[in-house]
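Here is the structure we will look at, set down as structure tokens.
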Amino acid sequence: MLELFAIQSTVTLDANMESAGSKVPMRLQAGSCLRTLSTSRDPREIANSLSTLTSFLENAEFTRLHYTHALQVLVSARSCQWFRSLSDDDEVGRPWHEFVFTGPPDQTLLVLLDTISSTEECAGLDRCVSVLEKFLSVGRLEALLWSRCVVGGVCSDSSQLTETVIGHLAALPSITSNRLHTKTPDAFLPQQYYPLLATNILCTLEKTCQALRGGQDCSLGFVAQVLGKVCIQGHSSFIFAALVPRLSSLTRTDPLWQRVMQKLLEKIPERCMESVITGLILNLRGAAVVSRLMGNLVVTNKKAQFVLTHKLVLQQYQHPTQLLKSLLGYLALNAERRPLLKQVLRSVCQVWCNSSAIKHTCVEQQLYVSKALMLCVALLNHSEIEELREEMLQCMLGGVQCRLDSNIERIRRMGMVVGECLSQRLDVPGSQLKFKYEPDEEIRELKSLMESLSTKDSEEFEPEHQSDESRRLQPESETSLTQSVTSQSGRDSDSELDSDDDLTPYDMSADQEKKKSVPPRYVRDCLEALMSSNDAERVELSLHAAESLLRRKGKATQEVSVQFSKVLLHLDDRYNTEGFQVLRQNAMVALTVTDTKPVVEYLTTEFYSLNYSLRQRLDILEVLALSAQELSAPITNKHTGTQPIAAVAAQDQSDDITHWRQIVEKRIQSKTRCISKGATQMVQAVPNRYAPVAGSFIFPLLRNYDRSQVTFDLLGTDHLVLGRLLHTLGLLMHLAINAPVASQMGRALLDFVWSVRFHTDQMVRRGVMFAVCAVFLSMPSDNLLTDLGDDLMETRTWLADVAENDCDTDCRSLAVQGLILLDKNLKTQLQLPDVET
Amino acid sequence: MARPPPNPLYILRGSGDVVNTLHFCCDGQGPSLLYSGSGKGAIHVWNLTTRRPECVLESHSGNSVIWLQALKESSTLISQGRDMRMCVWDLSEGRGAVTDSLLTGSVGFCQCSLLETRSGSTLLAHPTENMEEVSVVEMKSWTQVCTLKPHLKLGMLMCMKMWQAESGPVLCAGYEDGSVILWDVSHRRPFSCLKAHTEPVMCLDVDVCRQKGVSGSSDNILHSWTINDQRNLQMHSSVQLTNPGVSSARVRADGKILATAGWDNNIRVFGWKKLKALAVLQHHTDMVNSVAFSDHQDPPQRLLAAGSKDQRITVWSIYSES
């Protein structure tokens, strides 16, 4: 670009020479000076020529036509001795600096940057870099920007040149670091350069304001373009972090500043609009500032409107809530903009109650949209709500229903909260929604959006103001604190006279309410109490006693195990017993563990039979999973419950220091040459109780899944159970690791999973992924590959697809896990023959 | 972690039946004694040094003994039995004979109250065949001083305590409907009435020095109340018990702690000032009928005894270090 530009200027130079005779002396003089500069070694001569050139800077034609050339010559004289030893104060240095730093800044910038990017590494390059640093530090950027603001100034430039200047201004860090790599001075790094640019822009705007007050016209087009270019290159955060604090305080008092800012934003090129607005609004706090800075831009500018009312609300969701607050508050602040708020509400409503959106967007986005909805509704006034009542009601009913249907608790809760708040706002007498849920951080935040929405600035950019306030507050709080302390101590001394504090109480934890009946002592008593008793206390005692009773009296348990399971499965929490679910579940697990075969057979058959509630079916699954877990613990140490095999083995080793077998094995190992990769630690194999019965857990559950019944439609509406079933199957599979039956189990499970892998519900897909991972983990790798066979590639592509495209984060991460496991299996399988041969 | 509650100092076994009432006599002369009255009419005199019964007095023709009290001066014991009689025993020099008796006609469970006035006369308040009525008699001659009967229908008389105030003897009585009445015995009129409980008042005790009393009932709330200068009963504080039913309550002579006998087999100890729960003493396997604090002169020696339906008497030393 510069090459071309230089040629252009020389051409005009020649043309000028012919046409305008009067200018010849200047041109000739300039030429001779330049010649001297490139050849001479005498400092006096050089200084003379430099000051002659400097004197030409007054001449408009010289600055327009010859300056670039002169500068190029000067900079290309870098090989000369004088250029290298140039210092700021000697007789050559001073005129040189004057020439460079008072000339047209745009040309200087272009020449310097071009020289830097085209020069090989040498002393001259360093010199150029330092000149450019100086150029930035003496505020030439501001001069550059300002020169373009003045109407009738250098506006005669070609648009191409302007583009080039803007490009170079915006990309200075990239251009310099491309050449200088690690030696780039700090001043050129984005962290420093862009804030500097921002302050220069601010100064320029200040000058503009002054000029406007003086009655002079200014054009902000150039500054706007620079701003746009910087933002679209992704540096908006640097720029606005520096700009926004000053701007928000300046616009607070000065309407002229507001107008200037609004004009500036209007002039932003359309393609940069999005990045500028997003950057700006992200850095602003409070709707009022947004309104001051942007004015009615959202009404006048189509692109801005699209970005603000659609893109930021509905298409993106990574922004903090503050952005939504500022944005929607901004829309609400002005009567002209309020129709847009209603429009936003309508579109948000549509998205919120769309059931397919709930299924196919991730939870974070749904949360974001919910927040937007709450904020919109909070901002509407009474008449507007009346106007939009129908739509909001539709949205609320549809959206809440879809969400309550979801299997994911977070989504359900979101639906409940938004539903509650909306119905409260709609204020339908007697028909307000009310839900029961445990409030967490997220819920509280959502709810707070509805309550405290002020359009006032919560600006933190006024240090004087704030510190003043805090200073005023501090002593007050201190005094009140001391007051409260004294009053408390006063009360203390009062009460001390009349308290029992000198006597320290004993432990009174044994003081419990007396039970009228005694806990059952026999399994049959317990069963009978649970089956037929109407005495709440007796039932409770029996429930409490059941687990230990069943475990202690194995023989008696075996006689009634199936009957007992039946009673427990059908047991209702009639007396609101504390911890009912857990007690019942523990008892059922105890039964399953004590008398595995018949109970498991009973439970697995009942899972698919008629007339059970979803809760009961889920209970069955949980009991099976927990029992399997308990059974799979190694037999050797029964009492510690479930513990990973490796840990148990390690413990054994450390415990028996003098175990002869270990010593012998160590000796053998020390005498044996092992031909294998690395040292494989031998884990002692320990039998467990699960492996022999694993099949009876899993196969019956896989049998009847597609037989839909009146009360139970596993593949249809009851996807909650399906999700849990898949998860449980995965667990059962994983616990069967190392069992002989594992490969058959894995094969059957994969077959089952295959038919539901594209289920629309996230929970089910999570279950599928979990089961697949479990199969990959537990199945012996050679069996896995032979069984998977043809489906192998398809499985891989399916997993890859899920890992990339699924809207649920858990699904994606599980799919990645599955892929890794599969690849690991593949690798060991493919490497094994190599080692053997 | 609070320290675990203490174990009993010792246990007195062999009363042979339900222990209904206990009375200490440890005022210096002779060995420390504990009298206990059983459900079969036996009065055991326990020697606290040997921890064995000195003697067993068969009385009240096998009917339950519900109250025992020793007179301060002579070694005389007064017992009340379910045979509607009061007996006066002479225990001096190893004797054990009934010297006098009085037919009260009362069939209820209300215990009597004894007041030894400074002038030397001894007053006894006892229930009568009229269930709501208290009769106060002079012990020497069995002459009736007065009868006190509330005007309102308050139900049966449940418990009472009489003491000497400056103006004359005062009696505090608890009734079946949960009211507590403070009687002026000399003028035969009530000072004030306080509806303390919703259930019958099962027991009460008054700390004469602090003009403050406590009442327990068959519900699970223990109330303390004060007697002000105008002789009005005022509610002071209350405490909720884990299990309902208090059969006996006693304030220790130093006014520091209060012990209650619970239907839930537990003895409870509270701070007397604010009824702050201090300890739950668990030992008995059946409901506790009676608690008593010993009248040792030396505070560290003061004991707490509890008699229970499980036929045992436990003796505890609690908060006895000064």
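In the structure tokens, chains take letters A, B, ... by order of appearance, with residues numbered from 1 within each chain and ligands from 1 in the order shown.
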Can you tell me, as a CSV table (one decimal) with C-alpha atoms, in the first residue's frame, what residues are no more than 10 Å from range 812-817 of chain A when counting only C-alpha atoms, ignoring any on the same chain fewer than 5 positions away?
```csv
chain,number,residue,atom,x,y,z
A,765,ARG,CA,-29.6,-39.3,26.8
A,766,ARG,CA,-27.5,-38.8,29.9
A,767,GLY,CA,-28.5,-42.3,31.0
A,768,VAL,CA,-27.6,-43.7,27.6
A,769,MET,CA,-24.2,-42.1,27.7
A,770,PHE,CA,-23.6,-43.3,31.2
A,771,ALA,CA,-24.5,-46.9,30.3
A,772,VAL,CA,-22.3,-46.8,27.2
A,773,CYS,CA,-19.4,-45.6,29.3
A,776,PHE,CA,-16.8,-49.6,27.7
A,796,ARG,CA,-17.8,-43.8,17.1
A,798,TRP,CA,-22.5,-41.2,17.0
A,799,LEU,CA,-20.5,-40.5,20.1
A,800,ALA,CA,-18.5,-37.8,18.3
A,801,ASP,CA,-21.7,-36.2,17.1
A,802,VAL,CA,-23.1,-36.1,20.6
A,803,ALA,CA,-19.9,-34.8,22.0
A,804,GLU,CA,-20.0,-32.0,19.6
A,805,ASN,CA,-23.7,-31.1,19.1
A,806,ASP,CA,-25.7,-32.1,22.2
A,807,CYS,CA,-27.3,-29.2,24.0
A,822,LEU,CA,-13.5,-46.7,23.3
A,823,ASP,CA,-10.2,-45.4,21.8
```
Contacts of chain B with chain A up to 9 Å, shortest pair per row, only C-alpha atoms, as JSON lines:
```
{"residue": "B:Met1", "atom": "CA", "partner": "A:Asp507", "partner_atom": "CA", "distance": 7.5}
{"residue": "B:Ala2", "atom": "CA", "partner": "A:Asp507", "partner_atom": "CA", "distance": 4.8}
{"residue": "B:Arg3", "atom": "CA", "partner": "A:Tyr506", "partner_atom": "CA", "distance": 5.3}
{"residue": "B:Pro4", "atom": "CA", "partner": "A:Asp507", "partner_atom": "CA", "distance": 5.1}
{"residue": "B:Pro5", "atom": "CA", "partner": "A:Tyr506", "partner_atom": "CA", "distance": 5.3}
{"residue": "B:Pro6", "atom": "CA", "partner": "A:Tyr506", "partner_atom": "CA", "distance": 8.4}
{"residue": "B:Thr242", "atom": "CA", "partner": "A:Glu513", "partner_atom": "CA", "distance": 5.8}
{"residue": "B:Asn243", "atom": "CA", "partner": "A:Glu513", "partner_atom": "CA", "distance": 5.7}
{"residue": "B:Lys256", "atom": "CA", "partner": "A:Asp500", "partner_atom": "CA", "distance": 8.1}
{"residue": "B:Ile257", "atom": "CA", "partner": "A:Asp500", "partner_atom": "CA", "distance": 8.9}
{"residue": "B:Asp264", "atom": "CA", "partner": "A:Lys514", "partner_atom": "CA", "distance": 6.6}
{"residue": "B:Asn266", "atom": "CA", "partner": "A:Asp511", "partner_atom": "CA", "distance": 8.6}
{"residue": "B:Phe270", "atom": "CA", "partner": "A:Asp500", "partner_atom": "CA", "distance": 8.8}
{"residue": "B:Gly271", "atom": "CA", "partner": "A:Asp500", "partner_atom": "CA", "distance": 5.4}
{"residue": "B:Trp272", "atom": "CA", "partner": "A:Asp500", "partner_atom": "CA", "distance": 7.3}
{"residue": "B:Lys273", "atom": "CA", "partner": "A:Ser499", "partner_atom": "CA", "distance": 5.9}
{"residue": "B:Lys274", "atom": "CA", "partner": "A:Ser499", "partner_atom": "CA", "distance": 6.0}
{"residue": "B:Leu275", "atom": "CA", "partner": "A:Asp500", "partner_atom": "CA", "distance": 7.9}
{"residue": "B:Lys276", "atom": "CA", "partner": "A:Asp500", "partner_atom": "CA", "distance": 6.5}
{"residue": "B:Ala277", "atom": "CA", "partner": "A:Pro505", "partner_atom": "CA", "distance": 7.0}
{"residue": "B:Leu278", "atom": "CA", "partner": "A:Pro505", "partner_atom": "CA", "distance": 4.1}
{"residue": "B:Ala279", "atom": "CA", "partner": "A:Tyr506", "partner_atom": "CA", "distance": 5.1}
{"residue": "B:Val280", "atom": "CA", "partner": "A:Met508", "partner_atom": "CA", "distance": 6.1}
{"residue": "B:Leu281", "atom": "CA", "partner": "A:Met508", "partner_atom": "CA", "distance": 9.0}
{"residue": "B:Gln282", "atom": "CA", "partner": "A:Ala510", "partner_atom": "CA", "distance": 8.5}
{"residue": "B:Tyr319", "atom": "CA", "partner": "A:Leu503", "partner_atom": "CA", "distance": 7.5}
```
| task | Identify which of the residues B:Leu303, B:Val145, B:Ile181, B:Leu124 lies closest to Tyr10 in chain B, counting only C-alpha atoms when measuring atom-to-atom distances. | result |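 Comparing B:Leu303, B:Val145, B:Ile181, B:Leu124 against Tyr10 in chain B, the winner is B:Leu303.
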Could you name the residues that touch Pro173 in chain A at 10 Å or less, counting only C-alpha atoms, but leaving out those on the same chain fewer than 6 positions away, as a JSON list (two decimals) with all heavy atoms, in the first residue's frame?
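The resulting file, part29.json, is reproduced below:
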```
[["chain", "number", "residue", "atom", "x", "y", "z"],
["A", 184, "THR", "N", 8.86, -6.72, 21.29],
["A", 184, "THR", "CA", 7.91, -5.63, 21.17],
["A", 184, "THR", "C", 7.88, -4.82, 22.47],
["A", 184, "THR", "O", 7.76, -5.39, 23.56],
["A", 184, "THR", "CB", 6.49, -6.19, 20.94],
["A", 184, "THR", "OG1", 6.58, -7.23, 20.00],
["A", 184, "THR", "CG2", 5.56, -5.11, 20.48],
["A", 185, "PRO", "N", 8.05, -3.51, 22.35],
["A", 185, "PRO", "CA", 7.99, -2.69, 23.57],
["A", 185, "PRO", "C", 6.60, -2.75, 24.19],
["A", 185, "PRO", "O", 5.61, -2.99, 23.49],
["A", 185, "PRO", "CB", 8.28, -1.28, 23.07],
["A", 185, "PRO", "CG", 8.76, -1.42, 21.69],
["A", 185, "PRO", "CD", 8.31, -2.72, 21.16],
["A", 186, "ASP", "N", 6.55, -2.53, 25.48],
["A", 186, "ASP", "CA", 5.28, -2.63, 26.19],
["A", 186, "ASP", "C", 4.24, -1.68, 25.65],
["A", 186, "ASP", "O", 3.05, -1.98, 25.66],
["A", 186, "ASP", "CB", 5.50, -2.32, 27.68],
["A", 186, "ASP", "CG", 6.21, -3.46, 28.37],
["A", 186, "ASP", "OD1", 6.32, -4.54, 27.73],
["A", 186, "ASP", "OD2", 6.67, -3.29, 29.51],
["A", 187, "ALA", "N", 4.71, -0.51, 25.19],
["A", 187, "ALA", "CA", 3.76, 0.50, 24.73],
["A", 187, "ALA", "C", 2.94, 0.01, 23.54],
["A", 187, "ALA", "O", 1.87, 0.53, 23.27],
["A", 187, "ALA", "CB", 4.50, 1.77, 24.37],
["A", 188, "PHE", "N", 3.47, -0.98, 22.80],
["A", 188, "PHE", "CA", 2.74, -1.44, 21.61],
["A", 188, "PHE", "C", 1.82, -2.61, 21.91],
["A", 188, "PHE", "O", 1.08, -3.07, 21.05],
["A", 188, "PHE", "CB", 3.72, -1.88, 20.50],
["A", 188, "PHE", "CG", 4.61, -0.76, 20.02],
["A", 188, "PHE", "CD1", 5.74, -1.04, 19.28],
["A", 188, "PHE", "CD2", 4.31, 0.56, 20.28],
["A", 188, "PHE", "CE1", 6.56, -0.02, 18.84],
["A", 188, "PHE", "CE2", 5.13, 1.59, 19.85],
["A", 188, "PHE", "CZ", 6.26, 1.30, 19.13],
["A", 189, "LEU", "N", 1.89, -3.13, 23.11],
["A", 189, "LEU", "CA", 1.04, -4.27, 23.44],
["A", 189, "LEU", "C", -0.41, -3.81, 23.58],
["A", 189, "LEU", "O", -0.66, -2.68, 24.01],
["A", 189, "LEU", "CB", 1.50, -4.90, 24.76],
["A", 189, "LEU", "CG", 2.89, -5.50, 24.72],
["A", 189, "LEU", "CD1", 3.25, -6.07, 26.08],
["A", 189, "LEU", "CD2", 2.98, -6.59, 23.66],
["A", 190, "PRO", "N", -1.35, -4.66, 23.22],
["A", 190, "PRO", "CA", -2.76, -4.25, 23.26],
["A", 190, "PRO", "C", -3.16, -3.68, 24.62],
["A", 190, "PRO", "O", -3.92, -2.71, 24.68],
["A", 190, "PRO", "CB", -3.52, -5.54, 22.98],
["A", 190, "PRO", "CG", -2.57, -6.42, 22.28],
["A", 190, "PRO", "CD", -1.20, -6.03, 22.72],
["A", 191, "GLN", "N", -2.67, -4.29, 25.71],
["A", 191, "GLN", "CA", -3.07, -3.83, 27.03],
["A", 191, "GLN", "C", -2.74, -2.37, 27.25],
["A", 191, "GLN", "O", -3.37, -1.69, 28.04],
["A", 191, "GLN", "CB", -2.36, -4.60, 28.15],
["A", 191, "GLN", "CG", -2.56, -6.06, 28.22],
["A", 191, "GLN", "CD", -1.66, -6.81, 27.30],
["A", 191, "GLN", "OE1", -1.67, -6.56, 26.09],
["A", 191, "GLN", "NE2", -0.90, -7.74, 27.83],
["A", 192, "GLN", "N", -1.67, -1.89, 26.59],
["A", 192, "GLN", "CA", -1.28, -0.50, 26.80],
["A", 192, "GLN", "C", -1.70, 0.40, 25.65],
["A", 192, "GLN", "O", -2.08, 1.54, 25.84],
["A", 192, "GLN", "CB", 0.23, -0.40, 26.99],
["A", 192, "GLN", "CG", 0.70, -1.06, 28.25],
["A", 192, "GLN", "CD", 1.98, -0.45, 28.74],
["A", 192, "GLN", "OE1", 2.46, 0.53, 28.18],
["A", 192, "GLN", "NE2", 2.54, -1.01, 29.79],
["A", 193, "TYR", "N", -1.60, -0.17, 24.45],
["A", 193, "TYR", "CA", -1.86, 0.68, 23.29],
["A", 193, "TYR", "C", -3.32, 1.11, 23.23],
["A", 193, "TYR", "O", -3.62, 2.28, 23.04],
["A", 193, "TYR", "CB", -1.47, -0.06, 22.01],
["A", 193, "TYR", "CG", -1.87, 0.72, 20.77],
["A", 193, "TYR", "CD1", -1.18, 1.88, 20.41],
["A", 193, "TYR", "CD2", -2.94, 0.32, 19.99],
["A", 193, "TYR", "CE1", -1.55, 2.60, 19.29],
["A", 193, "TYR", "CE2", -3.32, 1.03, 18.87],
["A", 193, "TYR", "CZ", -2.63, 2.18, 18.53],
["A", 193, "TYR", "OH", -3.00, 2.90, 17.44],
["A", 194, "TYR", "N", -4.25, 0.15, 23.45],
["A", 194, "TYR", "CA", -5.65, 0.50, 23.26],
["A", 194, "TYR", "C", -6.15, 1.49, 24.31],
["A", 194, "TYR", "O", -6.86, 2.44, 23.95],
["A", 194, "TYR", "CB", -6.51, -0.75, 23.16],
["A", 194, "TYR", "CG", -6.27, -1.47, 21.86],
["A", 194, "TYR", "CD1", -5.66, -2.72, 21.82],
["A", 194, "TYR", "CD2", -6.61, -0.87, 20.64],
["A", 194, "TYR", "CE1", -5.40, -3.35, 20.63],
["A", 194, "TYR", "CE2", -6.34, -1.50, 19.44],
["A", 194, "TYR", "CZ", -5.75, -2.75, 19.44],
["A", 194, "TYR", "OH", -5.49, -3.35, 18.24]]
```
| request: Pick out the closest residue to Ser79 in chain B from this set: B:His223, B:His126, B:Lys212, B:Arg95. Count only C-alpha atoms. | output: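 For Ser79 in chain B, the nearest of the candidates is B:His126.
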| field | Residues within 10 Å of Leu603 in chain A, only C-alpha atoms, excluding chain neighbours under 6 positions, as a list in words | value |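 Selected residues are Val562, Ser565, Lys566, Leu569, Thr592, Ser609, Arg617, Asp619, Ile620, Leu621, Val623, Leu624, Phe697, Pro700 and Leu701 of chain A.
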| said: I'd like the contact shell of range 401-405 of chain A - 8 Å cut-off, only C-alpha atoms, skipping same-chain residues fewer than 3 positions apart - returned as a list in words. | reply: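 The filter keeps Cys353, Ser355, Ile358, Leu397, Gly398, Ile411, Arg412, Arg413, Met414, Gly415 and Met416 of chain A.
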| said: For Pro598 in chain A, find every residue with an atom within 12 Å (counting only C-alpha atoms), except residues of its own chain fewer than 2 positions away, and show them as a list in words. | reply: Thr557, Gln558, Glu559, Val560, Ser561, Val562, Gln563, Phe564, Ser565, Lys566, Leu591, Thr592, Val593, Thr594, Asp595, Thr596, Val600, Glu601, Tyr602, Leu603, Thr604, Thr605, Val693, Ser696 and Phe697 of chain A
Please, could you write that set of residues out with N, CA, C and O atoms as an mmCIF file, in the first residue's frame?
```
data_model
loop_
_atom_site.group_PDB
_atom_site.id
_atom_site.type_symbol
_atom_site.label_atom_id
_atom_site.label_comp_id
_atom_site.auth_asym_id
_atom_site.auth_seq_id
_atom_site.Cartn_x
_atom_site.Cartn_y
_atom_site.Cartn_z
ATOM 1 N N THR A 557 -34.940 -64.330 57.923
ATOM 2 C CA THR A 557 -35.212 -63.421 56.812
ATOM 3 C C THR A 557 -35.492 -64.199 55.542
ATOM 4 O O THR A 557 -36.404 -63.878 54.779
ATOM 5 N N GLN A 558 -34.688 -65.240 55.321
ATOM 6 C CA GLN A 558 -34.855 -65.990 54.083
ATOM 7 C C GLN A 558 -36.241 -66.619 53.978
ATOM 8 O O GLN A 558 -36.761 -66.800 52.884
ATOM 9 N N GLU A 559 -36.827 -66.937 55.106
ATOM 10 C CA GLU A 559 -38.148 -67.565 55.059
ATOM 11 C C GLU A 559 -39.217 -66.623 54.529
ATOM 12 O O GLU A 559 -40.152 -67.047 53.875
ATOM 13 N N VAL A 560 -39.071 -65.326 54.842
ATOM 14 C CA VAL A 560 -40.147 -64.391 54.483
ATOM 15 C C VAL A 560 -39.675 -63.287 53.548
ATOM 16 O O VAL A 560 -40.369 -62.291 53.376
ATOM 17 N N SER A 561 -38.496 -63.490 52.947
ATOM 18 C CA SER A 561 -37.880 -62.359 52.241
ATOM 19 C C SER A 561 -38.794 -61.740 51.178
ATOM 20 O O SER A 561 -38.952 -60.526 51.115
ATOM 21 N N VAL A 562 -39.396 -62.589 50.339
ATOM 22 C CA VAL A 562 -40.201 -62.041 49.240
ATOM 23 C C VAL A 562 -41.431 -61.328 49.787
ATOM 24 O O VAL A 562 -41.782 -60.227 49.344
ATOM 25 N N GLN A 563 -42.033 -61.931 50.775
ATOM 26 C CA GLN A 563 -43.226 -61.309 51.368
ATOM 27 C C GLN A 563 -42.877 -59.968 51.998
ATOM 28 O O GLN A 563 -43.591 -58.978 51.842
ATOM 29 N N PHE A 564 -41.754 -59.975 52.686
ATOM 30 C CA PHE A 564 -41.294 -58.740 53.329
ATOM 31 C C PHE A 564 -41.044 -57.662 52.273
ATOM 32 O O PHE A 564 -41.428 -56.504 52.435
ATOM 33 N N SER A 565 -40.406 -58.057 51.174
ATOM 34 C CA SER A 565 -40.142 -57.095 50.104
ATOM 35 C C SER A 565 -41.442 -56.513 49.583
ATOM 36 O O SER A 565 -41.549 -55.314 49.334
ATOM 37 N N LYS A 566 -42.417 -57.383 49.419
ATOM 38 C CA LYS A 566 -43.703 -56.943 48.896
ATOM 39 C C LYS A 566 -44.313 -55.899 49.832
ATOM 40 O O LYS A 566 -44.764 -54.833 49.395
ATOM 41 N N LEU A 591 -32.779 -56.754 52.757
ATOM 42 C CA LEU A 591 -33.450 -57.957 52.264
ATOM 43 C C LEU A 591 -32.751 -58.510 51.036
ATOM 44 O O LEU A 591 -32.466 -59.709 50.938
ATOM 45 N N THR A 592 -32.493 -57.613 50.088
ATOM 46 C CA THR A 592 -31.894 -58.047 48.835
ATOM 47 C C THR A 592 -30.526 -58.665 49.066
ATOM 48 O O THR A 592 -30.164 -59.652 48.432
ATOM 49 N N VAL A 593 -29.784 -58.070 49.969
ATOM 50 C CA VAL A 593 -28.433 -58.571 50.202
ATOM 51 C C VAL A 593 -28.471 -59.910 50.931
ATOM 52 O O VAL A 593 -27.687 -60.807 50.645
ATOM 53 N N THR A 594 -29.419 -60.052 51.848
ATOM 54 C CA THR A 594 -29.468 -61.282 52.641
ATOM 55 C C THR A 594 -29.975 -62.460 51.810
ATOM 56 O O THR A 594 -29.483 -63.577 51.918
ATOM 57 N N ASP A 595 -30.975 -62.216 51.012
ATOM 58 C CA ASP A 595 -31.561 -63.312 50.250
ATOM 59 C C ASP A 595 -31.667 -62.889 48.791
ATOM 60 O O ASP A 595 -32.757 -62.626 48.272
ATOM 61 N N THR A 596 -30.522 -62.822 48.132
ATOM 62 C CA THR A 596 -30.435 -62.116 46.860
ATOM 63 C C THR A 596 -31.367 -62.669 45.776
ATOM 64 O O THR A 596 -32.198 -61.942 45.233
ATOM 65 N N VAL A 600 -34.384 -60.387 44.221
ATOM 66 C CA VAL A 600 -34.076 -59.712 42.958
ATOM 67 C C VAL A 600 -35.056 -60.159 41.885
ATOM 68 O O VAL A 600 -35.563 -59.345 41.104
ATOM 69 N N GLU A 601 -35.347 -61.422 41.879
ATOM 70 C CA GLU A 601 -36.296 -61.929 40.884
ATOM 71 C C GLU A 601 -37.641 -61.240 41.065
ATOM 72 O O GLU A 601 -38.254 -60.765 40.099
ATOM 73 N N TYR A 602 -38.075 -61.136 42.325
ATOM 74 C CA TYR A 602 -39.348 -60.493 42.609
ATOM 75 C C TYR A 602 -39.326 -59.036 42.148
ATOM 76 O O TYR A 602 -40.213 -58.578 41.423
ATOM 77 N N LEU A 603 -38.290 -58.305 42.545
ATOM 78 C CA LEU A 603 -38.234 -56.873 42.237
ATOM 79 C C LEU A 603 -38.186 -56.628 40.733
ATOM 80 O O LEU A 603 -38.868 -55.744 40.214
ATOM 81 N N THR A 604 -37.362 -57.414 40.036
ATOM 82 C CA THR A 604 -37.236 -57.165 38.599
ATOM 83 C C THR A 604 -38.526 -57.491 37.862
ATOM 84 O O THR A 604 -38.860 -56.837 36.881
ATOM 85 N N THR A 605 -39.268 -58.495 38.324
ATOM 86 C CA THR A 605 -40.554 -58.770 37.668
ATOM 87 C C THR A 605 -41.533 -57.653 37.965
ATOM 88 O O THR A 605 -42.254 -57.198 37.074
ATOM 89 N N VAL A 693 -24.292 -63.365 40.780
ATOM 90 C CA VAL A 693 -25.713 -63.087 40.585
ATOM 91 C C VAL A 693 -25.959 -61.885 39.681
ATOM 92 O O VAL A 693 -27.108 -61.495 39.470
ATOM 93 N N SER A 696 -28.725 -62.012 37.096
ATOM 94 C CA SER A 696 -30.133 -61.984 37.499
ATOM 95 C C SER A 696 -30.581 -60.568 37.835
ATOM 96 O O SER A 696 -31.760 -60.289 37.916
ATOM 97 N N PHE A 697 -29.659 -59.666 38.049
ATOM 98 C CA PHE A 697 -30.024 -58.265 38.248
ATOM 99 C C PHE A 697 -30.416 -57.623 36.923
ATOM 100 O O PHE A 697 -31.373 -56.881 36.839
#
```
| task | Pick out the residues sitting within 6 Å of range 175-180 of chain B, and hand them over as a count of residues only; count only C-alpha atoms, and ignore anything fewer than 4 positions along from it in its own chain. | result | 14
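Taking CA of His570 in chain A and CA of Glu540 in chain A as endpoints, the distance between them is 15.5 Å.
Nearest to Cys26 in chain B of all the residues B:Pro299, B:Gly307, B:Pro244, B:Gly39 is B:Pro299, based on only C-alpha atoms.
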| request: May I ask which of the residues B:Leu115, B:Met84, B:Val208, B:Val239 is the closest one to Asn63 in chain B, counting only C-alpha atoms? | output: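 Ranked by minimum distance to Asn63 in chain B, first place goes to B:Met84.
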| remark: Separating CA of Leu28 in chain A from CA of Val75 in chain A, to the nearest tenth of an Å, is a gap of 19.9 Å
